[in-house]
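Structure first, then comments.
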Amino acid sequence: MPISAKELIEGRQPPATVKESDLIPRALSIMLEYEYSQLPIVDDTRIPKGLVTADSILKAMDNFGVSAEKLRVRDAATRHIAFTPEVNVFDLLESLGSSPAVLIVDESARLISIITNYDMAVHFRERTEDLMFVEDIETALKEHIRASFSHAPNGTSDGELQEAIDKVANAPLISTADTAVRRYLSATGKEQLQPDGIKKVHDSFFRGGKSLGDMTLNQLIDLMLYPARWKDYQKHFTLDDKAIRTLLGEILDIRNTLAHFRDDLTPSQRSKLRFCAKWFERNSPVFRESSSYELGAPGDHLLRDANTATTPGTSLDTVVIITDPAAVETTYVAPEPATQEELLGRIEYLRSLLPAALLIDEERTGAFTAEQVVQTAPDSLRADYSSFLTNHNFEYRISNRITNAQCSANSAQFWAISYAMDRFATPEDAQAALEEGFLDQVAVASGFTATESSTLPYPVYTFNRTVCDVDSVDAVTFWQRGHFVVTVRATFPATSDATAEQWLSERVGIATYEQIFSDALRREMR
């Protein structure tokens with residue numbers, strides 16, 4: 001369904017207007033104040049009577065040979081064109097070809113809003129940019145798919161890739177066929193098909209040969225997360241396939257909205273689209289190394305049974321089982337873990353990006369010892385907290401908290417966000433600390449209520465309270481990043497369009513801190 005004028009003007013304030021009897025200097029003053037080039041003319045009941053524009057004022061001054069002070073608005077008025085909010089935006093284009101603006105009126109013909117040529121240009125520019133970001137995401141998906149099926153930077157395993165494409169492309173049709181056959185057999189009382197019969201049904205519906213360029217966005221997402229390749233390829237990301245599928249699923253909905261002109265995108269959708277495109281830009285494909293190492297001449301590769309063969313084989317295929325790692329020589333050097341200084345440097349970089357309205361909470365930002373961390377817990381748990389940190393070989397905490405100091409919804413959609421990284425001696429220590437459940441006790445003792453999450457590995461804890469004289473939600477959860485147990489927290493208005501899970505995972509985690517700490521976290525996940 002095409003977008004209507006209603007979507008275009010949604011959320012706008014009523015337009016500034018003038019009356020026919022107003023002097024031209026008053027109209028010019030309003031134009032200058034709001035940087036408008038035209039104003040609607042209305043009567044006392046807001047019924048439109050015309051438009052006055054900068055151009056029509058100049059023409060009136062020239063034709064009458066007088067200054068602006070001598071003219072009233074009626075002297076420079078031009079005709080207006082009016083539509084109701086339900087009008088298709090494409091129907092406005094022809095009228096905007098002959099007029100600098102059109103007026104939007106209600107069922108009583110009273111003025112609601114105004115749409116200018118500039119408004120339409122911005123609208124279509126945004127839609128064009130939105131579609132370009134969707135195209136960038138689709139291109140990135142294809143590059144990742146080629147890389148995940150690649151044995152070398154300059155070539156792909158075409159047979160395996162085509163097999164995966166065929167499987168994904170035919171999945172809906174084969175699923176529908178299965179359902180239809182089962183319903184038919186059940187309705188007629190006939191026996192269920194044997195495996196060979198089911199295969200014949202599948203083969204009759206199967207259509208092969210579709211290329212990667214022919215795949216829909218939904219199919220590209222399935223290919224990107226193809227199970228047979230994902231386990232090998234996931235090490236190049238700091239997120240699991242469930243989190244990536246969540247993001248891409250929302251991108252698919254956004255793409256369908258754009259393609260079918262259902263509605264205009266919300267600011268949140270537009271932000272998510274740009275975030276996804278930029279995320280792929282930062283996480284470029286990594287080609288897999290070859291899993292087949294040639295030892296003999298081309299065409300002379302022989303599979304070898306290690307239990308019965310008496311001579312060496314000529315190729316090493318796919319799997320190498322190493323029983324003594326000390327006997328293996330390798331040039332691989334594990335990346336150095338991030339240091340306290342490096343992580344603190346990233347916080348300083350974040351500080352440099354913040355607008356003036358957002359402030360760093362200095363008391364909760366920086367490097368902290370175990371003794372300092374213990375002081376953040378309720379009094380009744382501090383002794384247990386100290387033992388907990390000692391038992392799991394806690395080393396230090398790096399933390400940052402950002403506050404909306406002016407309590408301004410125009411500055412940010414949150415009151416505060418924070419990200420605390422508790423470093424333990426080993427990833428196993430961090431995992432054991434997280435799984436013990438003591439952090440959950442701390443959250444509950446602090447007044448939070450647990451809610452199971454459908455997208456995050458651990459529960460989300462929420463606490464309803466008043467902040468900046470507004471009903472608000474305080475939300476917190478935990479997750480592991482290698483040596484670190486991360487505590488993510490957000491305080492936001494209860495009327496927010498995002499859930500607590502979305503705030504913690506997407507807005508605080510993915511969109512903010514995990515971009516800032518991306519290099520360190522990527523090394524932790526490898």
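Identifiers in the structure tokens: chain A, B, ... in order shown; residue index from 1 per chain; ligand index from 1 in order shown.
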
Per residue of stretch 445-478 of chain A within 12 Å of stretch 366-387 of chain A, record the nearest atom pair and its distance in Å to one decimal, counting only C-alpha atoms, with rows in chain order and ascending residue number, as JSON lines.
{"residue": "A:Ala445", "atom": "CA", "partner": "A:Pro378", "partner_atom": "CA", "distance": 6.9}
{"residue": "A:Ser446", "atom": "CA", "partner": "A:Pro378", "partner_atom": "CA", "distance": 6.5}
{"residue": "A:Gly447", "atom": "CA", "partner": "A:Pro378", "partner_atom": "CA", "distance": 10.0}

Once you count only C-alpha atoms, what closest atom pair and distance in Å to one decimal does each residue of stretch 34-140 of chain A within 10 Å of stretch 265-278 of chain A have, with rows by chain and rising residue number, as CSV?
residue,atom,partner,partner_atom,distance
A:Glu126,CA,A:Arg270,CA,9.0
A:Arg127,CA,A:Leu265,CA,8.6
A:Glu129,CA,A:Arg274,CA,9.4
A:Asp130,CA,A:Arg270,CA,7.2
A:Leu131,CA,A:Leu273,CA,9.6
A:Met132,CA,A:Ala277,CA,9.7
A:Phe133,CA,A:Ala277,CA,6.1
A:Val134,CA,A:Leu273,CA,7.3
A:Glu135,CA,A:Ala277,CA,9.1
A:Asp136,CA,A:Ala277,CA,6.4
A:Ile137,CA,A:Ala277,CA,5.4
A:Glu138,CA,A:Ala277,CA,9.2
A:Thr139,CA,A:Ala277,CA,9.9
A:Ala140,CA,A:Ala277,CA,8.2

Apply DSSP to the backbone of this structure and, from stretch 371-468 of chain A, keep only the residues in alpha helix (DSSP H); write these as a PyMOL selection string.
-> chain A and resi 371-374+382-391+427-436+438-445

Run DSSP on the backbone and grab whatever in stretch 25-108 of chain A lands in strand (DSSP E or B); send it over as an NGL selection string.
-> :A and (38-42 or 48-53 or 72 or 77-78 or 82-83 or 88 or 101-105)

Would you mind exporting the chosen residues as an mmCIF file, in the first residue's frame, restricted to C-alpha atoms?
data_model
loop_
_atom_site.group_PDB
_atom_site.id
_atom_site.type_symbol
_atom_site.label_atom_id
_atom_site.label_comp_id
_atom_site.auth_asym_id
_atom_site.auth_seq_id
_atom_site.Cartn_x
_atom_site.Cartn_y
_atom_site.Cartn_z
ATOM 1 C CA GLN A 38 5.958 30.161 2.093
ATOM 2 C CA LEU A 39 3.117 30.409 4.606
ATOM 3 C CA PRO A 40 -0.531 29.267 4.493
ATOM 4 C CA ILE A 41 -3.118 32.021 4.700
ATOM 5 C CA VAL A 42 -6.127 31.111 6.893
ATOM 6 C CA PRO A 48 -7.159 28.041 4.013
ATOM 7 C CA LYS A 49 -7.466 31.147 1.842
ATOM 8 C CA GLY A 50 -4.240 30.837 -0.145
ATOM 9 C CA LEU A 51 -0.458 30.926 0.113
ATOM 10 C CA VAL A 52 1.969 33.772 0.464
ATOM 11 C CA THR A 53 5.513 33.078 -0.719
ATOM 12 C CA ARG A 72 -0.857 43.322 3.219
ATOM 13 C CA ALA A 77 -1.600 35.961 -2.030
ATOM 14 C CA THR A 78 -1.512 33.065 -4.498
ATOM 15 C CA ALA A 82 -5.534 21.229 -0.667
ATOM 16 C CA PHE A 83 -5.698 17.479 -0.014
ATOM 17 C CA ASN A 88 -1.186 9.030 -1.872
ATOM 18 C CA ALA A 101 3.561 23.568 -1.418
ATOM 19 C CA VAL A 102 0.234 21.817 -0.916
ATOM 20 C CA LEU A 103 -1.997 22.109 2.142
ATOM 21 C CA ILE A 104 -3.398 19.156 4.095
ATOM 22 C CA VAL A 105 -6.895 19.724 5.518
#

Find the residues near A:Leu141: any atom within 8 Å, counting only C-alpha atoms, skip ones fewer than 3 places away on the same chain, and give them as a PyMOL selection string.
-> chain A and resi 137-138+144-145+220-221+224

Neighbour list for A:Thr365 as a PyMOL selection string, cut-off 8 Å, only C-alpha atoms, skip fewer than 3 positions in-chain | chain A and resi 360-362+398-401

Just all heavy atoms for this one: save the residues we selected as a PDB file, in the first residue's frame.
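Produced file out.pdb, reproduced below:
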ATOM      1  N   ILE A 360      29.742  11.661  31.184  1.00  0.00           N
ATOM      2  CA  ILE A 360      30.324  10.466  31.774  1.00  0.00           C
ATOM      3  C   ILE A 360      30.153  10.543  33.290  1.00  0.00           C
ATOM      4  O   ILE A 360      30.469  11.562  33.914  1.00  0.00           O
ATOM      5  CB  ILE A 360      31.817  10.358  31.432  1.00  0.00           C
ATOM      6  CG1 ILE A 360      32.018  10.195  29.917  1.00  0.00           C
ATOM      7  CG2 ILE A 360      32.468   9.211  32.190  1.00  0.00           C
ATOM      8  CD1 ILE A 360      31.627   8.861  29.368  1.00  0.00           C
ATOM      9  N   ASP A 361      29.645   9.464  33.888  1.00  0.00           N
ATOM     10  CA  ASP A 361      29.567   9.368  35.344  1.00  0.00           C
ATOM     11  C   ASP A 361      30.955   8.966  35.840  1.00  0.00           C
ATOM     12  O   ASP A 361      31.340   7.795  35.780  1.00  0.00           O
ATOM     13  CB  ASP A 361      28.520   8.323  35.736  1.00  0.00           C
ATOM     14  CG  ASP A 361      28.343   8.203  37.247  1.00  0.00           C
ATOM     15  OD1 ASP A 361      29.211   8.698  37.989  1.00  0.00           O
ATOM     16  OD2 ASP A 361      27.329   7.611  37.667  1.00  0.00           O
ATOM     17  N   GLU A 362      31.712   9.953  36.323  1.00  0.00           N
ATOM     18  CA  GLU A 362      33.112   9.715  36.668  1.00  0.00           C
ATOM     19  C   GLU A 362      33.256   8.712  37.805  1.00  0.00           C
ATOM     20  O   GLU A 362      34.241   7.959  37.844  1.00  0.00           O
ATOM     21  CB  GLU A 362      33.792  11.036  37.034  1.00  0.00           C
ATOM     22  CG  GLU A 362      33.755  12.091  35.932  1.00  0.00           C
ATOM     23  CD  GLU A 362      34.521  11.684  34.674  1.00  0.00           C
ATOM     24  OE1 GLU A 362      35.280  10.696  34.722  1.00  0.00           O
ATOM     25  OE2 GLU A 362      34.347  12.358  33.639  1.00  0.00           O
ATOM     26  N   ILE A 398      36.583  -2.978  34.371  1.00  0.00           N
ATOM     27  CA  ILE A 398      36.589  -1.766  33.562  1.00  0.00           C
ATOM     28  C   ILE A 398      35.130  -1.384  33.347  1.00  0.00           C
ATOM     29  O   ILE A 398      34.332  -2.203  32.872  1.00  0.00           O
ATOM     30  CB  ILE A 398      37.280  -1.970  32.200  1.00  0.00           C
ATOM     31  CG1 ILE A 398      38.757  -2.325  32.394  1.00  0.00           C
ATOM     32  CG2 ILE A 398      37.130  -0.728  31.337  1.00  0.00           C
ATOM     33  CD1 ILE A 398      39.594  -1.209  32.984  1.00  0.00           C
ATOM     34  N   SER A 399      34.763  -0.169  33.707  1.00  0.00           N
ATOM     35  CA  SER A 399      33.352   0.221  33.667  1.00  0.00           C
ATOM     36  C   SER A 399      33.184   1.612  33.091  1.00  0.00           C
ATOM     37  O   SER A 399      34.071   2.461  33.212  1.00  0.00           O
ATOM     38  CB  SER A 399      32.767   0.165  35.082  1.00  0.00           C
ATOM     39  OG  SER A 399      31.416   0.567  35.097  1.00  0.00           O
ATOM     40  N   ASN A 400      32.028   1.830  32.462  1.00  0.00           N
ATOM     41  CA  ASN A 400      31.663   3.164  31.980  1.00  0.00           C
ATOM     42  C   ASN A 400      30.165   3.356  32.151  1.00  0.00           C
ATOM     43  O   ASN A 400      29.381   2.428  31.939  1.00  0.00           O
ATOM     44  CB  ASN A 400      32.031   3.349  30.508  1.00  0.00           C
ATOM     45  CG  ASN A 400      31.529   4.673  29.943  1.00  0.00           C
ATOM     46  OD1 ASN A 400      30.566   4.712  29.184  1.00  0.00           O
ATOM     47  ND2 ASN A 400      32.151   5.770  30.348  1.00  0.00           N
ATOM     48  N   ARG A 401      29.780   4.569  32.550  1.00  0.00           N
ATOM     49  CA  ARG A 401      28.367   4.910  32.662  1.00  0.00           C
ATOM     50  C   ARG A 401      28.150   6.283  32.043  1.00  0.00           C
ATOM     51  O   ARG A 401      28.914   7.223  32.299  1.00  0.00           O
ATOM     52  CB  ARG A 401      27.905   4.919  34.118  1.00  0.00           C
ATOM     53  CG  ARG A 401      26.401   5.183  34.305  1.00  0.00           C
ATOM     54  CD  ARG A 401      26.005   4.936  35.757  1.00  0.00           C
ATOM     55  NE  ARG A 401      24.561   5.081  35.963  1.00  0.00           N
ATOM     56  CZ  ARG A 401      23.977   6.182  36.433  1.00  0.00           C
ATOM     57  NH1 ARG A 401      24.716   7.258  36.752  1.00  0.00           N
ATOM     58  NH2 ARG A 401      22.664   6.232  36.607  1.00  0.00           N
TER      59      ARG A 401
END

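Using only C-alpha atoms, the smallest distance between any of A:Thr455, A:Asn410, A:Thr116, A:Ser95 and A:Lys242 comes from A:Thr455.
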